[in-house]
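A.B. asks: Quick one, target-v2.txt (compact mmCIF, C-alpha atoms):
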# COMPACT_ATOMS: atom_id res chain seq x y z
CA MET R 1 -42.94 -5.25 3.13
CA ASP R 2 -45.67 -5.02 5.70
CA GLY R 3 -48.32 -7.68 5.00
CA LEU R 4 -51.10 -5.20 5.75
CA ASN R 5 -49.60 -2.33 3.76
CA SER R 6 -47.65 -3.43 0.67
CA SER R 7 -46.16 0.06 0.21
CA GLN R 8 -44.70 0.09 3.74
CA ILE R 9 -41.11 -1.20 3.68
CA ILE R 10 -40.04 -2.72 6.99
CA TRP R 11 -36.51 -3.86 6.12
CA GLN R 12 -34.29 -3.89 3.02
CA SER R 13 -31.24 -6.14 2.79
CA PHE R 14 -29.47 -3.63 0.51
CA ASP R 15 -29.72 -0.98 3.25
CA HIS R 16 -28.90 -3.35 6.11
CA PRO R 17 -26.28 -5.88 4.95
CA SER R 18 -25.29 -8.70 7.27
CA ASN R 19 -22.44 -10.93 6.09
CA THR R 20 -22.70 -10.66 2.28
CA TRP R 21 -22.34 -7.63 0.06
CA LEU R 22 -24.62 -8.15 -2.93
CA PRO R 23 -24.08 -6.34 -6.25
CA GLY R 24 -25.85 -3.00 -6.07
CA ALA R 25 -26.04 -2.99 -2.29
CA LYS R 26 -24.86 0.04 -0.34
CA LEU R 27 -22.08 0.18 2.19
CA GLY R 28 -21.56 3.60 3.66
CA ILE R 29 -22.48 6.34 6.09
CA ASN R 30 -25.81 8.14 6.42
CA LYS R 31 -25.05 11.66 7.67
CA ARG R 32 -28.68 12.41 8.50
CA THR R 33 -29.14 9.47 10.86
CA ASN R 34 -25.46 9.15 11.86
CA THR R 35 -25.56 5.44 11.02
CA SER R 36 -23.36 3.29 8.85
CA GLN R 37 -23.83 0.06 6.98
CA LEU R 38 -21.16 -2.52 7.65
CA LEU R 39 -20.49 -6.17 6.96
CA THR R 40 -19.79 -8.50 9.86
CA SER R 41 -18.38 -12.00 9.60
CA PHE R 42 -20.12 -15.07 10.98
CA LYS R 43 -18.74 -16.55 14.19
CA ASN R 44 -17.82 -19.73 12.25
CA GLU R 45 -19.14 -21.98 9.48
CA GLU R 46 -21.77 -23.57 11.73
CA ASP R 47 -22.73 -20.51 13.79
CA ALA R 48 -24.19 -17.46 12.01
CA ALA R 49 -23.86 -15.28 15.13
CA PRO R 50 -21.80 -12.10 14.57
CA GLY R 51 -18.10 -12.86 14.29
CA LEU R 52 -14.94 -10.98 15.20
CA PHE R 53 -14.42 -8.98 11.99
CA SER R 54 -16.40 -6.13 10.42
CA VAL R 55 -15.67 -3.94 7.40
CA GLN R 56 -16.91 -0.36 7.30
CA LEU R 57 -16.49 2.67 5.02
CA GLN R 58 -15.09 5.63 6.95
CA PRO R 59 -15.82 9.35 6.34
CA SER R 60 -12.23 9.59 5.04
CA SER R 61 -13.27 7.31 2.11
CA GLU R 62 -11.19 4.39 3.38
CA TYR R 63 -12.43 0.94 4.30
CA TYR R 64 -11.52 -0.17 7.80
CA LEU R 65 -11.50 -3.75 8.97
CA TRP R 66 -12.35 -3.87 12.66
CA TRP R 67 -11.63 -6.62 15.15
CA LYS R 68 -14.37 -6.95 17.77
CA MET R 69 -15.59 -3.49 16.58
CA THR R 70 -12.98 -1.92 18.87
CA GLU R 71 -9.59 -2.37 17.24
CA HIS R 72 -8.58 -1.01 13.84
CA TYR R 73 -7.14 -4.13 12.14
CA TRP R 74 -6.60 -3.08 8.48
CA THR R 75 -7.32 -0.25 6.04
CA SER R 76 -7.75 -0.06 2.28
CA GLY R 77 -5.82 3.23 2.14
CA PRO R 78 -7.10 6.47 0.61
CA TRP R 79 -9.43 6.45 -2.39
CA ASP R 80 -7.96 7.59 -5.72
CA PRO R 81 -10.94 8.89 -7.71
CA LYS R 82 -9.07 9.03 -11.04
CA ALA R 83 -7.83 5.44 -10.93
CA LYS R 84 -10.93 4.24 -9.04
CA ILE R 85 -8.79 2.28 -6.59
CA PHE R 86 -7.81 2.32 -2.94
CA SER R 87 -4.09 3.00 -2.60
CA LEU R 88 -3.22 -0.05 -0.48
CA VAL R 89 -5.28 -2.54 -2.53
CA PRO R 90 -4.88 -1.50 -6.20
CA ASP R 91 -6.15 -4.87 -7.47
CA VAL R 92 -9.58 -4.19 -6.01
CA LYS R 93 -11.61 -1.77 -8.08
CA LEU R 94 -14.67 -0.06 -6.71
CA TRP R 95 -17.29 0.58 -9.35
CA SER R 96 -19.05 3.38 -7.53
CA LEU R 97 -18.20 5.73 -4.68
CA LYS R 98 -20.86 8.39 -4.24
CA TYR R 99 -20.80 11.49 -2.11
CA CYS R 100 -24.31 12.74 -1.38
CA GLU R 101 -25.68 15.43 0.89
CA SER R 102 -27.12 12.64 2.98
CA GLY R 103 -23.97 10.51 3.10
CA LEU R 104 -21.12 8.61 1.51
CA TYR R 105 -21.83 5.31 -0.18
CA SER R 106 -20.07 2.71 -2.26
CA ALA R 107 -21.52 -0.13 -4.21
CA HIS R 108 -20.36 -3.32 -5.92
CA TRP R 109 -16.62 -3.86 -6.00
CA GLY R 110 -14.59 -6.56 -7.69
CA CYS R 111 -11.05 -7.76 -8.28
CA ASN R 112 -9.19 -7.45 -11.58
When written as structure tokens, how does the structure in this file appear?

C.D. replies:
Amino acid sequence: MDGLNSSQIIWQSFDHPSNTWLPGAKLGINKRTNTSQLLTSFKNEEDAAPGLFSVQLQPSSEYYLWWKMTEHYWTSGPWDPKAKIFSLVPDVKLWSLKYCESGLYSAHWGCN
């Protein structure tokens, strides 16, 4: 919040995650602004600078793990809306995958 204007939001951690995905936070793609939220690892335990790996939700409804944001390293596989799982990681359940006019978002996942 802006100290001078308490109704003016300057930054929200749920809309701009860094290295931790909190329950209820969004990870997705905003079609209006052509931006995406992604998680990026730390460089190492002592250095919080951006690391080599990032995870990002793709328009195809798959999660991609990127190495140096240039090389596709891993994918979750396609989303199965009936089972609420990604085909290549069935033990990880996603509690919410939402398609909106403005974008595609997921929130709060966990392992069985």

A.B. asks: Would you kindly return, as JSON, numbers by chain, each protein, DNA or RNA residue with an atom no farther than 10 Å from any atom of Leu38 in chain R, considering only C-alpha atoms and excluding same-chain residues fewer than 5 positions away?

C.D. replies: {"R": [15, 16, 17, 18, 19, 20, 21, 26, 27, 28, 29, 54, 55, 56, 57, 63, 64, 65]}

A.B. asks: Between CA of Thr75 in chain R and CA of Thr40 in chain R, what is the distance, to one decimal in Å?

C.D. replies: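 Atom-to-atom, CA of Thr75 in chain R to CA of Thr40 in chain R, that is 15.4 Å.
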
A.B. asks: Could you jot down the CA of Ser61 in chain R to CA of Gln12 in chain R separation for me, Å, one decimal place?

C.D. replies: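 Separating CA of Ser61 in chain R from CA of Gln12 in chain R is a distance of 23.8 Å.
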
A.B. asks: Please indicate the distance in Å from CA of Pro50 in chain R to CA of Leu88 in chain R, rounded to one decimal place.

C.D. replies: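 Separating CA of Pro50 in chain R from CA of Leu88 in chain R is a distance of 26.8 Å.
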
A.B. asks: Counting all atoms listed in the file, which of R:Leu39, R:Ile85, R:Thr70, R:Ile9 gets nearest to Leu22 in chain R?

C.D. replies: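 Of R:Leu39, R:Ile85, R:Thr70, R:Ile9, the one nearest Leu22 in chain R is R:Leu39, counting all atoms listed in the file.
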
A.B. asks: Calculated over only C-alpha atoms, which of the candidates R:Arg32, R:Glu45, R:Trp66, R:Ser60 has the smallest distance to Asp80 in chain R?

C.D. replies: R:Ser60

A.B. asks: Which residue out of R:Lys84, R:His72, R:Lys31, R:Lys43 has the minimum interatomic distance to Pro59 in chain R when only C-alpha atoms are used?

C.D. replies: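 The closest residue to Pro59 in chain R is R:Lys31.
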
A.B. asks: Assuming 5 Å of padding per side, give the centre and edge lengths of the axis-aligned box around every listed atom of range 74-81 of chain R, in Å to one decimal and as lines of an AutoDock Vina configuration file.

C.D. replies:
center_x = -8.4
center_y = 2.9
center_z = 0.4
size_x = 15.1
size_y = 22.0
size_z = 26.2
